[in-house]
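Data block below; observations after.
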Amino acid sequence: MSPQERAKRVGQTMFAVDTASKDTLGMELLSCEPGRASIRMVVQPLHLNGHQICHGGFIFTLADSTFAFACNSHNKNAVAAGCSIEFLRPAHAGDVLTCEGVEQTLSGRHGIYDMRVTNQRGEVVAMFRGKSAQIPGTVFPEEGQP
């Protein structure tokens, strides 16, 4: 299986059971490639806070979900070991937010990933950096793996 095929299957496998991202928040997985992922979310009225802008927790969740797909794309279970986010501009109801995540480095069991959240105008809404830690297991079984 090629790295591209493996990452795509990881994305399909994880997203199929990702109730939080898919069913609760209405996110759409656009791509899952080796060390990369992209997810889209339309800001709904239920995402708005008291200032009538998208609650930062939902933007964080979009970035965190994208991070999860990017760091698991090699079919080695990985979880967040730490992360940070910078909110750069507000998002409003109807905005289409797209998060693109890219692996910066993968060394041993740890990786560093950068997520960029943009709106439909290409404006950067937030930047997120996550550190991953690999744990035992795989997203799906492969031949030759225990």
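Just so we're on the same page: first chain in the structure tokens is A, next is B, and so on; residues restart at 1 for each chain, and ligands are numbered from 1 in the order they show up.
All residues of region 17-123 of chain A that DSSP, run on the backbone, classes as helix (DSSP H, G or I) are Thr19, Ala20, Ser21, Lys22, Asp23, Thr24, Pro45, Leu46, His47, Gly56, Gly57, Phe58, Ile59, Phe60, Thr61, Leu62, Ala63, Asp64, Ser65, Thr66, Phe67, Ala68, Phe69, Ala70, Cys71 and Asn72 of chain A.
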Write a file of the selected residues as a compact mmCIF listing (two decimals), in the first residue's frame, keeping N, CA, C and O atoms.
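Just written: out.txt:
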```txt
# COMPACT_ATOMS: atom_id res chain seq x y z
N THR A 19 -17.80 11.12 15.54
CA THR A 19 -19.10 11.73 15.85
C THR A 19 -18.95 13.21 16.18
O THR A 19 -19.77 14.02 15.75
N ALA A 20 -17.93 13.58 16.93
CA ALA A 20 -17.76 14.98 17.33
C ALA A 20 -17.58 15.89 16.12
O ALA A 20 -18.30 16.89 15.98
N SER A 21 -16.66 15.57 15.25
CA SER A 21 -16.38 16.44 14.10
C SER A 21 -17.47 16.37 13.05
O SER A 21 -17.97 17.40 12.59
N LYS A 22 -17.83 15.15 12.67
CA LYS A 22 -18.75 14.95 11.54
C LYS A 22 -20.19 15.25 11.92
O LYS A 22 -20.86 16.06 11.26
N ASP A 23 -20.69 14.60 12.94
CA ASP A 23 -22.11 14.67 13.26
C ASP A 23 -22.49 15.84 14.15
O ASP A 23 -23.52 16.47 13.96
N THR A 24 -21.66 16.15 15.14
CA THR A 24 -21.99 17.22 16.07
C THR A 24 -21.70 18.60 15.49
O THR A 24 -22.53 19.50 15.59
N PRO A 45 -25.27 29.30 13.32
CA PRO A 45 -25.67 30.10 14.48
C PRO A 45 -25.35 29.43 15.81
O PRO A 45 -25.01 30.12 16.78
N LEU A 46 -25.38 28.11 15.87
CA LEU A 46 -25.07 27.42 17.13
C LEU A 46 -23.61 27.52 17.52
O LEU A 46 -23.23 27.20 18.64
N HIS A 47 -22.75 27.99 16.60
CA HIS A 47 -21.33 28.17 16.89
C HIS A 47 -21.02 29.56 17.46
O HIS A 47 -19.87 29.82 17.81
N GLY A 56 -14.31 30.64 19.97
CA GLY A 56 -12.96 30.15 19.74
C GLY A 56 -12.82 28.66 19.93
O GLY A 56 -11.99 28.01 19.29
N GLY A 57 -13.64 28.08 20.80
CA GLY A 57 -13.56 26.64 21.04
C GLY A 57 -13.91 25.84 19.79
O GLY A 57 -13.36 24.75 19.57
N PHE A 58 -14.81 26.37 18.96
CA PHE A 58 -15.16 25.65 17.73
C PHE A 58 -14.05 25.77 16.69
O PHE A 58 -13.77 24.82 15.96
N ILE A 59 -13.40 26.94 16.64
CA ILE A 59 -12.27 27.11 15.73
C ILE A 59 -11.13 26.19 16.18
O ILE A 59 -10.49 25.53 15.37
N PHE A 60 -10.91 26.14 17.49
CA PHE A 60 -9.89 25.25 18.04
C PHE A 60 -10.21 23.79 17.68
O PHE A 60 -9.32 23.04 17.28
N THR A 61 -11.47 23.41 17.81
CA THR A 61 -11.85 22.03 17.52
C THR A 61 -11.63 21.69 16.05
O THR A 61 -11.17 20.59 15.71
N LEU A 62 -11.92 22.64 15.15
CA LEU A 62 -11.65 22.42 13.73
C LEU A 62 -10.16 22.17 13.51
O LEU A 62 -9.77 21.21 12.82
N ALA A 63 -9.31 23.01 14.12
CA ALA A 63 -7.87 22.84 13.97
C ALA A 63 -7.39 21.54 14.63
O ALA A 63 -6.57 20.81 14.07
N ASP A 64 -7.91 21.24 15.80
CA ASP A 64 -7.51 20.03 16.52
C ASP A 64 -7.92 18.77 15.76
O ASP A 64 -7.17 17.79 15.71
N SER A 65 -9.09 18.79 15.16
CA SER A 65 -9.54 17.64 14.35
C SER A 65 -8.64 17.45 13.14
O SER A 65 -8.25 16.33 12.81
N THR A 66 -8.29 18.55 12.48
CA THR A 66 -7.39 18.47 11.32
C THR A 66 -6.04 17.92 11.75
O THR A 66 -5.45 17.06 11.08
N PHE A 67 -5.55 18.39 12.88
CA PHE A 67 -4.29 17.90 13.47
C PHE A 67 -4.36 16.38 13.67
O PHE A 67 -3.42 15.65 13.32
N ALA A 68 -5.47 15.90 14.19
CA ALA A 68 -5.62 14.46 14.44
C ALA A 68 -5.47 13.65 13.16
O ALA A 68 -4.80 12.61 13.15
N PHE A 69 -6.09 14.12 12.08
CA PHE A 69 -6.00 13.37 10.82
C PHE A 69 -4.59 13.44 10.25
O PHE A 69 -4.07 12.43 9.76
N ALA A 70 -3.95 14.59 10.33
CA ALA A 70 -2.59 14.73 9.80
C ALA A 70 -1.61 13.84 10.57
O ALA A 70 -0.79 13.14 9.97
N CYS A 71 -1.70 13.84 11.90
CA CYS A 71 -0.69 13.09 12.67
C CYS A 71 -0.97 11.59 12.72
O CYS A 71 -0.08 10.81 13.04
N ASN A 72 -2.17 11.16 12.36
CA ASN A 72 -2.47 9.73 12.27
C ASN A 72 -2.34 9.19 10.84
O ASN A 72 -2.53 8.00 10.61
```
I want to know what sits within 6 Å of Met127 (chain A), based on only C-alpha atoms, with residues of the same chain fewer than 6 positions away left out; could you give that as a PDB file with C-alpha atoms, in the first residue's frame?
```pdb
ATOM      1  CA  ILE A  85      -3.601  28.504  18.979  1.00  0.00           C
ATOM      2  CA  GLU A  86      -3.536  32.137  17.935  1.00  0.00           C
ATOM      3  CA  MET A 115      -2.699  24.158  11.152  1.00  0.00           C
ATOM      4  CA  ARG A 116      -3.885  27.213   9.222  1.00  0.00           C
TER       5      ARG A 116
END
```
Excluding same-chain residues fewer than 5 positions from Gly137 (chain A), what lies within 12 Å of it counting only C-alpha atoms, as a PyMOL selection string?
-> chain A and resi 72+74-79+142+145-146
May I have the selected residues written with C-alpha atoms, as a short mmCIF file (atom, residue, chain, number, x, y, z; two decimals), in the first residue's frame?
```
data_model
loop_
_atom_site.label_atom_id
_atom_site.label_comp_id
_atom_site.auth_asym_id
_atom_site.auth_seq_id
_atom_site.Cartn_x
_atom_site.Cartn_y
_atom_site.Cartn_z
CA ASN A 72 -2.47 9.73 12.27
CA HIS A 74 0.89 7.29 8.64
CA ASN A 75 -1.41 4.68 10.27
CA LYS A 76 0.39 4.80 13.59
CA ASN A 77 -1.91 5.85 16.42
CA ALA A 78 -1.02 9.35 17.59
CA VAL A 79 -2.54 11.71 20.14
CA GLU A 142 -2.21 -3.81 7.78
CA GLN A 145 1.62 -5.69 11.55
CA PRO A 146 1.00 -7.30 14.91
#
```
Could you give me, as a short mmCIF file (atom, residue, chain, number, x, y, z; two decimals) with C-alpha atoms, in the first residue's frame, the residues within 12 Å of Leu48 (chain A), counting only C-alpha atoms and dropping anything in the same chain fewer than 4 positions from it?
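Here's the written file around-v3.cif:
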```cif
data_model
loop_
_atom_site.label_atom_id
_atom_site.label_comp_id
_atom_site.auth_asym_id
_atom_site.auth_seq_id
_atom_site.Cartn_x
_atom_site.Cartn_y
_atom_site.Cartn_z
CA VAL A 42 -19.51 26.22 7.88
CA VAL A 43 -20.06 28.53 10.86
CA GLN A 44 -23.65 27.99 12.02
CA GLN A 52 -22.12 36.95 17.75
CA ILE A 53 -18.82 35.65 16.39
CA CYS A 54 -17.68 32.04 16.16
CA HIS A 55 -16.70 30.77 19.60
CA GLY A 56 -12.96 30.15 19.74
CA GLY A 57 -13.56 26.64 21.04
CA PHE A 58 -15.16 25.65 17.73
CA ILE A 59 -12.27 27.11 15.73
CA PRO A 90 -13.28 36.68 13.91
CA ALA A 91 -15.47 34.30 11.95
CA HIS A 92 -19.18 34.99 11.49
CA ALA A 93 -22.30 32.94 10.80
CA GLY A 94 -22.16 31.68 7.22
CA ASP A 95 -18.37 31.85 6.97
#
```
As a check of understanding: the span from CA of Thr138 (chain A) to CA of Val10 (chain A) is 9.1 Å
If you run DSSP on the backbone, which residues of chain A are strand (DSSP E), as a ChimeraX atom specification?
-> /A:28-33,36-42,78-87,96-107,110-118,124-134
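Of note, CA of Ala81 (chain A) and CA of Lys131 (chain A) are spaced 5.4 Å apart.
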For Gly82 (chain A), please output as an MDAnalysis selection string all residues within 10 Å (counting only C-alpha atoms; exclusion window: fewer than 5 positions along the same chain).
-> chainID A and resid 112 129:133
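The two atoms in question, CA of Gly26 (chain A) and CA of Thr98 (chain A), are spaced 12.5 Å apart.
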